[in-house]
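S.K.: Encoded as structure tokens, here's the structure I'll be asking about.
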Amino acid sequence: MATSNTGANPPLADWPLYWFAILEKAVEQGDHVSAARAHRELGRLGVRVAYGRPPANESEARHAD
């Protein structure tokens, strides 16, 4: 059964997926200004994003916290 959307959609500025896409593109392009803005906007929406390399082995993973 399809659901009905009776309310208006929130503006793009309130969609975490929008800001995550902006962040990904900015990081790929080395655009630090846009990446910082996207990171701030995600924080405003309650989303925490951390970038970094994954641990090389299990020992590092346990000590990462």
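In the structure tokens, the first chain shown is A, the next is B, and so on; residue numbers restart at 1 for each chain, and ligands run from 1 in the order shown.
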Which polymer residues have any atom within 12 Å of an atom of Ala13 of chain A, counting only C-alpha atoms, with same-chain residues fewer than 6 positions away left out, as a list in words?

M.R.: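 What passes the distance filter is Trp19, Phe20, Ala21, Ile22, Arg37, Ala38, Arg40, Glu41, Leu42, Arg44 and Leu45 of chain A.
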
S.K.: For the residues selected in the previous step, produce a file with C-alpha atoms as a CSV table (one decimal), in the first residue's frame.

M.R.:
```
chain,number,residue,atom,x,y,z
A,19,TRP,CA,24.7,17.7,2.9
A,20,PHE,CA,26.4,14.3,3.0
A,21,ALA,CA,26.5,14.4,-0.9
A,22,ILE,CA,27.9,17.9,-0.8
A,37,ARG,CA,30.1,24.0,5.6
A,38,ALA,CA,28.6,20.6,4.8
A,40,ARG,CA,28.5,22.2,10.1
A,41,GLU,CA,25.2,21.7,8.4
A,42,LEU,CA,25.2,17.9,9.2
A,44,ARG,CA,23.1,21.2,12.9
A,45,LEU,CA,20.9,18.3,11.8
```

S.K.: Between atom CA of Pro11 of chain A and atom CA of Gln29 of chain A, what is the distance in Å, rounded to a tenth?

M.R.: 25.4 Å

S.K.: Would you work out the distance separating atom CA of Asp31 of chain A from atom CA of Leu17 of chain A, expressed in Å to one decimal?

M.R.: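 Going from atom CA of Asp31 of chain A over to atom CA of Leu17 of chain A covers 18.4 Å.
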
S.K.: Please report the interatomic distance between atom CA of Leu23 of chain A and atom CA of His39 of chain A in Å with one decimal.

M.R.: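 Straight-line distance from atom CA of Leu23 of chain A to atom CA of His39 of chain A works out to 6.8 Å.
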
S.K.: Which residues in segment 17-48 of chain A does DSSP call alpha helix (DSSP H)? List them as a ChimeraX atom specification.

M.R.: /A:17-29,32-44
